[in-house]
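K.L.:
Below is the structure I would like to discuss, written out as structure tokens.
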Amino acid sequence: MSDEIDQSRRHFLTVATVVAGAVGAVMAAVPFVSSMEPSARAKALGGPVDIDVSKIEPGGQVKAKWRGKPTWVVQRGPEAIAGLAKVDPSLRDPASKEDQQPKYCQNEHRSIKPELFVVVGICTHLGCSPLYKPEPHDPEVGLDWPGGFFCPCHGSKYDLAGRVFKGVPAPLNLQVPPYKFMSDAVIRVGEDQGAA
Ligand code: FES
């Protein structure tokens, strides 16, 4: 009889130990899993990217990748900024009415600061990456070229604010991503201006 009790007690203790061990393992795993989840989620969505813009010269370009997409910051000089107003009649959507930019970039220069233009470098026709051609009258693009972005595969043209010209295959302006200034020298792409 006492042997029977001992046996069942031993069995109970064994089961209790296994259960306690399993609970312990789960408890230990929970903080680990929860600490992994945000970074995994951020990875899947593609977190924000900081771009150093302190060394760009007028006419220069800095390239980065955001969510796997080529993302560029271009520095526009005073002449380029003034030129954005002149080409209006040849643009398909000069006032940026299509939803291709955050609200705070729905202006003539499509940017927070006129001199710095942030854009996703993917043509809105079939997704090629256009060439940055800031110089006017570029022989590859045409004598009437004001400077901008040129996609040679099917000939789409965009001005220096990424606004598409009429009469080319691309239907929309280039996309402006959400971004904000962390300082004068650093732009964070992937977070809206005003977001924490
Ligand atoms: S993909 Fe750019 S013009 Fe066709």
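How things are named: the first chain in the structure tokens is A, the next is B, and so on; residues count from 1 in each chain; ligands count from 1 in the order shown.
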Could you tell me, counting only C-alpha atoms and all ligand atoms, which protein and nucleic acid residues lie no more than 8 Å from ligand 1, written as a PyMOL selection string?
P.N.:
chain A and resi 122-130+150-157+168-170
K.L.:
Could those selected residues go to a file with N, CA and C atoms, as a PDB file, in the first residue's frame?
P.N.:
ATOM      1  N   ILE A 122      11.876  55.526 -58.854  1.00  0.00           N
ATOM      2  CA  ILE A 122      11.236  54.454 -59.640  1.00  0.00           C
ATOM      3  C   ILE A 122      10.231  55.098 -60.597  1.00  0.00           C
ATOM      4  N   CYS A 123      10.434  54.850 -61.889  1.00  0.00           N
ATOM      5  CA  CYS A 123       9.555  55.413 -62.912  1.00  0.00           C
ATOM      6  C   CYS A 123       8.127  54.886 -62.727  1.00  0.00           C
ATOM      7  N   THR A 124       7.159  55.781 -62.898  1.00  0.00           N
ATOM      8  CA  THR A 124       5.762  55.365 -62.685  1.00  0.00           C
ATOM      9  C   THR A 124       5.165  54.673 -63.910  1.00  0.00           C
ATOM     10  N   HIS A 125       5.999  54.442 -64.924  1.00  0.00           N
ATOM     11  CA  HIS A 125       5.507  53.677 -66.084  1.00  0.00           C
ATOM     12  C   HIS A 125       5.614  52.193 -65.756  1.00  0.00           C
ATOM     13  N   LEU A 126       6.803  51.618 -65.901  1.00  0.00           N
ATOM     14  CA  LEU A 126       6.958  50.184 -65.624  1.00  0.00           C
ATOM     15  C   LEU A 126       7.987  49.895 -64.542  1.00  0.00           C
ATOM     16  N   GLY A 127       8.381  50.918 -63.820  1.00  0.00           N
ATOM     17  CA  GLY A 127       9.215  50.670 -62.640  1.00  0.00           C
ATOM     18  C   GLY A 127      10.708  50.659 -62.861  1.00  0.00           C
ATOM     19  N   CYS A 128      11.194  51.154 -64.002  1.00  0.00           N
ATOM     20  CA  CYS A 128      12.652  51.281 -64.156  1.00  0.00           C
ATOM     21  C   CYS A 128      13.144  52.436 -63.277  1.00  0.00           C
ATOM     22  N   SER A 129      14.458  52.503 -63.128  1.00  0.00           N
ATOM     23  CA  SER A 129      15.012  53.595 -62.337  1.00  0.00           C
ATOM     24  C   SER A 129      15.508  54.692 -63.288  1.00  0.00           C
ATOM     25  N   PRO A 130      14.905  55.870 -63.251  1.00  0.00           N
ATOM     26  CA  PRO A 130      15.309  56.935 -64.186  1.00  0.00           C
ATOM     27  C   PRO A 130      16.727  57.427 -63.912  1.00  0.00           C
ATOM     28  N   PHE A 150      15.235  61.363 -66.304  1.00  0.00           N
ATOM     29  CA  PHE A 150      14.919  60.810 -67.621  1.00  0.00           C
ATOM     30  C   PHE A 150      14.989  59.283 -67.556  1.00  0.00           C
ATOM     31  N   CYS A 151      13.928  58.647 -68.044  1.00  0.00           N
ATOM     32  CA  CYS A 151      13.889  57.182 -68.042  1.00  0.00           C
ATOM     33  C   CYS A 151      14.086  56.716 -69.487  1.00  0.00           C
ATOM     34  N   PRO A 152      15.297  56.256 -69.829  1.00  0.00           N
ATOM     35  CA  PRO A 152      15.603  56.011 -71.243  1.00  0.00           C
ATOM     36  C   PRO A 152      14.872  54.809 -71.859  1.00  0.00           C
ATOM     37  N   CYS A 153      14.382  53.869 -71.046  1.00  0.00           N
ATOM     38  CA  CYS A 153      13.804  52.644 -71.639  1.00  0.00           C
ATOM     39  C   CYS A 153      12.582  52.945 -72.503  1.00  0.00           C
ATOM     40  N   HIS A 154      11.712  53.853 -72.056  1.00  0.00           N
ATOM     41  CA  HIS A 154      10.560  54.230 -72.885  1.00  0.00           C
ATOM     42  C   HIS A 154      10.421  55.740 -73.009  1.00  0.00           C
ATOM     43  N   GLY A 155      11.430  56.450 -72.534  1.00  0.00           N
ATOM     44  CA  GLY A 155      11.478  57.894 -72.781  1.00  0.00           C
ATOM     45  C   GLY A 155      10.647  58.783 -71.867  1.00  0.00           C
ATOM     46  N   SER A 156      10.330  58.331 -70.666  1.00  0.00           N
ATOM     47  CA  SER A 156       9.582  59.213 -69.765  1.00  0.00           C
ATOM     48  C   SER A 156      10.498  60.303 -69.193  1.00  0.00           C
ATOM     49  N   LYS A 157       9.908  61.468 -69.028  1.00  0.00           N
ATOM     50  CA  LYS A 157      10.685  62.608 -68.534  1.00  0.00           C
ATOM     51  C   LYS A 157       9.967  63.257 -67.350  1.00  0.00           C
ATOM     52  N   VAL A 168       4.502  61.435 -72.582  1.00  0.00           N
ATOM     53  CA  VAL A 168       5.438  60.322 -72.313  1.00  0.00           C
ATOM     54  C   VAL A 168       4.627  59.174 -71.696  1.00  0.00           C
ATOM     55  N   PRO A 169       5.178  57.954 -71.692  1.00  0.00           N
ATOM     56  CA  PRO A 169       4.386  56.821 -71.185  1.00  0.00           C
ATOM     57  C   PRO A 169       4.049  56.870 -69.691  1.00  0.00           C
ATOM     58  N   ALA A 170       4.912  57.459 -68.872  1.00  0.00           N
ATOM     59  CA  ALA A 170       4.651  57.457 -67.415  1.00  0.00           C
ATOM     60  C   ALA A 170       3.400  58.281 -67.106  1.00  0.00           C
TER      61      ALA A 170
END
K.L.:
Output as a PDB file with N, CA, C and O atoms, in the first residue's frame all residues of range 57-114 of chain A that backbone DSSP marks as helix (DSSP H, G or I).
P.N.:
ATOM      1  N   PRO A  78      19.566  77.767 -56.726  1.00  0.00           N
ATOM      2  CA  PRO A  78      18.554  78.820 -56.924  1.00  0.00           C
ATOM      3  C   PRO A  78      17.952  78.808 -58.334  1.00  0.00           C
ATOM      4  O   PRO A  78      16.752  78.991 -58.503  1.00  0.00           O
ATOM      5  N   GLU A  79      18.787  78.569 -59.363  1.00  0.00           N
ATOM      6  CA  GLU A  79      18.264  78.556 -60.742  1.00  0.00           C
ATOM      7  C   GLU A  79      17.300  77.397 -60.952  1.00  0.00           C
ATOM      8  O   GLU A  79      16.264  77.541 -61.600  1.00  0.00           O
ATOM      9  N   ALA A  80      17.657  76.241 -60.431  1.00  0.00           N
ATOM     10  CA  ALA A  80      16.785  75.062 -60.571  1.00  0.00           C
ATOM     11  C   ALA A  80      15.453  75.304 -59.867  1.00  0.00           C
ATOM     12  O   ALA A  80      14.393  74.954 -60.389  1.00  0.00           O
ATOM     13  N   ILE A  81      15.500  75.929 -58.708  1.00  0.00           N
ATOM     14  CA  ILE A  81      14.256  76.207 -57.973  1.00  0.00           C
ATOM     15  C   ILE A  81      13.394  77.195 -58.764  1.00  0.00           C
ATOM     16  O   ILE A  81      12.183  76.990 -58.930  1.00  0.00           O
ATOM     17  N   ALA A  82      14.022  78.229 -59.312  1.00  0.00           N
ATOM     18  CA  ALA A  82      13.279  79.217 -60.104  1.00  0.00           C
ATOM     19  C   ALA A  82      12.685  78.544 -61.344  1.00  0.00           C
ATOM     20  O   ALA A  82      11.579  78.868 -61.768  1.00  0.00           O
ATOM     21  N   GLY A  83      13.426  77.617 -61.938  1.00  0.00           N
ATOM     22  CA  GLY A  83      12.973  76.938 -63.160  1.00  0.00           C
ATOM     23  C   GLY A  83      11.742  76.071 -62.934  1.00  0.00           C
ATOM     24  O   GLY A  83      11.006  75.779 -63.887  1.00  0.00           O
ATOM     25  N   LEU A  84      11.485  75.656 -61.723  1.00  0.00           N
ATOM     26  CA  LEU A  84      10.322  74.784 -61.457  1.00  0.00           C
ATOM     27  C   LEU A  84       9.010  75.486 -61.802  1.00  0.00           C
ATOM     28  O   LEU A  84       8.040  74.846 -62.174  1.00  0.00           O
ATOM     29  N   ALA A  85       8.991  76.807 -61.726  1.00  0.00           N
ATOM     30  CA  ALA A  85       7.766  77.564 -62.032  1.00  0.00           C
ATOM     31  C   ALA A  85       7.570  77.715 -63.535  1.00  0.00           C
ATOM     32  O   ALA A  85       6.442  77.806 -64.010  1.00  0.00           O
ATOM     33  N   LYS A  86       8.657  77.696 -64.291  1.00  0.00           N
ATOM     34  CA  LYS A  86       8.574  78.013 -65.724  1.00  0.00           C
ATOM     35  C   LYS A  86       8.010  76.898 -66.594  1.00  0.00           C
ATOM     36  O   LYS A  86       7.457  77.152 -67.650  1.00  0.00           O
ATOM     37  N   ASP A  88       5.603  74.740 -66.125  1.00  0.00           N
ATOM     38  CA  ASP A  88       4.237  74.293 -65.831  1.00  0.00           C
ATOM     39  C   ASP A  88       3.393  73.794 -67.013  1.00  0.00           C
ATOM     40  O   ASP A  88       2.794  72.740 -66.911  1.00  0.00           O
ATOM     41  N   PRO A  89       3.305  74.530 -68.148  1.00  0.00           N
ATOM     42  CA  PRO A  89       2.384  74.118 -69.212  1.00  0.00           C
ATOM     43  C   PRO A  89       2.707  72.748 -69.798  1.00  0.00           C
ATOM     44  O   PRO A  89       1.822  72.084 -70.353  1.00  0.00           O
ATOM     45  N   SER A  90       3.940  72.310 -69.730  1.00  0.00           N
ATOM     46  CA  SER A  90       4.280  71.010 -70.332  1.00  0.00           C
ATOM     47  C   SER A  90       4.163  69.849 -69.348  1.00  0.00           C
ATOM     48  O   SER A  90       4.457  68.709 -69.704  1.00  0.00           O
ATOM     49  N   LYS A 103       1.056  65.330 -47.902  1.00  0.00           N
ATOM     50  CA  LYS A 103       0.389  66.647 -47.987  1.00  0.00           C
ATOM     51  C   LYS A 103       1.390  67.796 -47.847  1.00  0.00           C
ATOM     52  O   LYS A 103       1.274  68.814 -48.519  1.00  0.00           O
ATOM     53  N   TYR A 104       2.364  67.634 -46.929  1.00  0.00           N
ATOM     54  CA  TYR A 104       3.307  68.733 -46.689  1.00  0.00           C
ATOM     55  C   TYR A 104       4.297  68.928 -47.847  1.00  0.00           C
ATOM     56  O   TYR A 104       5.111  69.847 -47.812  1.00  0.00           O
ATOM     57  N   CYS A 105       4.232  68.045 -48.852  1.00  0.00           N
ATOM     58  CA  CYS A 105       5.067  68.235 -50.051  1.00  0.00           C
ATOM     59  C   CYS A 105       4.212  68.538 -51.280  1.00  0.00           C
ATOM     60  O   CYS A 105       4.693  68.470 -52.404  1.00  0.00           O
TER      61      CYS A 105
END
K.L.:
Measuring atom to atom with only C-alpha atoms, identify which of A:Asp144, A:Asp99, A:Glu115, A:Asp159 is nearest to Val176 in chain A.
P.N.:
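Using only C-alpha atoms, Val176 in chain A sits closest to A:Asp99.
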K.L.:
Write out as a list in words which residues come within 9 Å of Gly147 in chain A when counting only C-alpha atoms, dropping same-chain ones fewer than 6 positions away.
P.N.:
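These residues fall inside the cut-off: Ala80, Tyr132, Lys133, Pro134, Glu135, Pro136, His137, Asp138, Tyr158, Asp159 and Leu160 of chain A.
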K.L.:
Could you write out that same residue set with all heavy atoms as a short mmCIF file (atom, residue, chain, number, x, y, z; two decimals), in the first residue's frame?
P.N.:
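Dumped everything to selection_5.cif:
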data_model
loop_
_atom_site.label_atom_id
_atom_site.label_comp_id
_atom_site.auth_asym_id
_atom_site.auth_seq_id
_atom_site.Cartn_x
_atom_site.Cartn_y
_atom_site.Cartn_z
N ALA A 80 17.66 76.24 -60.43
CA ALA A 80 16.79 75.06 -60.57
C ALA A 80 15.45 75.30 -59.87
O ALA A 80 14.39 74.95 -60.39
CB ALA A 80 17.48 73.83 -60.00
N TYR A 132 19.27 60.60 -63.35
CA TYR A 132 19.24 61.99 -62.86
C TYR A 132 20.03 62.84 -63.85
O TYR A 132 21.23 62.63 -64.03
CB TYR A 132 19.83 62.03 -61.46
CG TYR A 132 20.01 63.41 -60.87
CD1 TYR A 132 18.99 64.35 -60.94
CD2 TYR A 132 21.20 63.76 -60.24
CE1 TYR A 132 19.15 65.62 -60.40
CE2 TYR A 132 21.38 65.02 -59.69
CZ TYR A 132 20.34 65.94 -59.78
OH TYR A 132 20.51 67.20 -59.23
N LYS A 133 19.34 63.76 -64.49
CA LYS A 133 19.97 64.61 -65.53
C LYS A 133 19.69 66.07 -65.19
O LYS A 133 18.78 66.69 -65.73
CB LYS A 133 19.35 64.30 -66.90
CG LYS A 133 19.62 62.88 -67.39
CD LYS A 133 20.90 62.85 -68.16
CE LYS A 133 21.12 61.54 -68.85
NZ LYS A 133 22.45 61.51 -69.50
N PRO A 134 20.45 66.62 -64.25
CA PRO A 134 20.12 67.97 -63.76
C PRO A 134 20.44 69.08 -64.75
O PRO A 134 19.86 70.16 -64.67
CB PRO A 134 20.97 68.10 -62.50
CG PRO A 134 22.11 67.16 -62.70
CD PRO A 134 21.60 66.04 -63.55
N GLU A 135 21.39 68.82 -65.69
CA GLU A 135 21.81 69.90 -66.59
C GLU A 135 20.80 70.14 -67.70
O GLU A 135 20.37 69.19 -68.36
CB GLU A 135 23.18 69.54 -67.22
CG GLU A 135 24.32 69.48 -66.23
CD GLU A 135 24.53 70.81 -65.50
OE1 GLU A 135 24.32 71.87 -66.11
OE2 GLU A 135 24.85 70.76 -64.29
N PRO A 136 20.43 71.40 -67.97
CA PRO A 136 19.54 71.68 -69.10
C PRO A 136 20.23 71.33 -70.43
O PRO A 136 21.46 71.28 -70.51
CB PRO A 136 19.32 73.20 -69.00
CG PRO A 136 19.78 73.60 -67.65
CD PRO A 136 20.81 72.59 -67.22
N HIS A 137 19.43 71.12 -71.46
CA HIS A 137 19.89 70.87 -72.83
C HIS A 137 20.79 69.63 -72.94
O HIS A 137 21.71 69.61 -73.76
CB HIS A 137 20.64 72.09 -73.40
CG HIS A 137 19.99 73.40 -73.06
ND1 HIS A 137 18.71 73.71 -73.44
CD2 HIS A 137 20.43 74.47 -72.33
CE1 HIS A 137 18.38 74.92 -72.99
NE2 HIS A 137 19.40 75.40 -72.29
N ASP A 138 20.54 68.65 -72.13
CA ASP A 138 21.34 67.42 -72.20
C ASP A 138 21.12 66.77 -73.57
O ASP A 138 19.97 66.50 -73.95
CB ASP A 138 20.89 66.47 -71.08
CG ASP A 138 21.76 65.24 -70.98
OD1 ASP A 138 21.84 64.47 -71.96
OD2 ASP A 138 22.38 65.04 -69.92
N TYR A 158 10.76 63.66 -66.38
CA TYR A 158 10.23 64.34 -65.19
C TYR A 158 11.10 65.57 -64.94
O TYR A 158 12.31 65.53 -65.20
CB TYR A 158 10.34 63.43 -63.96
CG TYR A 158 9.71 62.06 -64.10
CD1 TYR A 158 10.41 61.01 -64.69
CD2 TYR A 158 8.42 61.81 -63.63
CE1 TYR A 158 9.85 59.74 -64.82
CE2 TYR A 158 7.85 60.55 -63.74
CZ TYR A 158 8.57 59.52 -64.33
OH TYR A 158 8.01 58.27 -64.44
N ASP A 159 10.51 66.62 -64.39
CA ASP A 159 11.32 67.80 -64.09
C ASP A 159 12.07 67.60 -62.77
O ASP A 159 12.05 66.51 -62.17
CB ASP A 159 10.46 69.08 -64.11
CG ASP A 159 9.59 69.24 -62.86
OD1 ASP A 159 9.47 68.28 -62.06
OD2 ASP A 159 9.01 70.32 -62.68
N LEU A 160 12.70 68.67 -62.31
CA LEU A 160 13.53 68.55 -61.09
C LEU A 160 12.71 68.45 -59.81
O LEU A 160 13.26 68.37 -58.71
CB LEU A 160 14.52 69.73 -61.01
CG LEU A 160 15.76 69.56 -61.90
CD1 LEU A 160 16.54 70.87 -61.98
CD2 LEU A 160 16.68 68.44 -61.39
#
K.L.:
Can you measure CA of Gln101 in chain A to CA of Lys55 in chain A for me? One decimal in Å is fine.
P.N.:
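These atoms are spaced 25.0 Å apart.
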K.L.:
Measuring atom to atom with only C-alpha atoms, identify which of A:Ser54, A:Gln75, A:Gln61, A:Gln106 is nearest to Asp184 in chain A.
P.N.:
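Closest to Asp184 in chain A of all the choices is A:Ser54.
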K.L.:
Would you please work out which residue, of A:Gly47, A:Gly162, A:Phe117, A:Asp52, is nearest to Met182 in chain A when using only C-alpha atoms?
P.N.:
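When distances to Met182 in chain A are compared using only C-alpha atoms, the smallest one comes from A:Asp52.
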K.L.:
Which distance in Å separates CA of Pro178 in chain A and CA of Ala95 in chain A, to one decimal?
P.N.:
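Between CA of Pro178 in chain A and CA of Ala95 in chain A the gap works out to 18.1 Å.
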K.L.:
In terms of the shortest atom-to-atom distance over only C-alpha atoms, which of A:Pro70, A:Pro94, A:Gly148, A:Gly46 is closest to Gly190 in chain A?
P.N.:
A:Gly46
K.L.:
Just checking: using only C-alpha atoms, which residue out of A:Gly194, A:Gly142, A:Pro171, A:Pro177 ends up closest to Glu98 in chain A?
P.N.:
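Of all the options, A:Pro171 lies closest to Glu98 in chain A.
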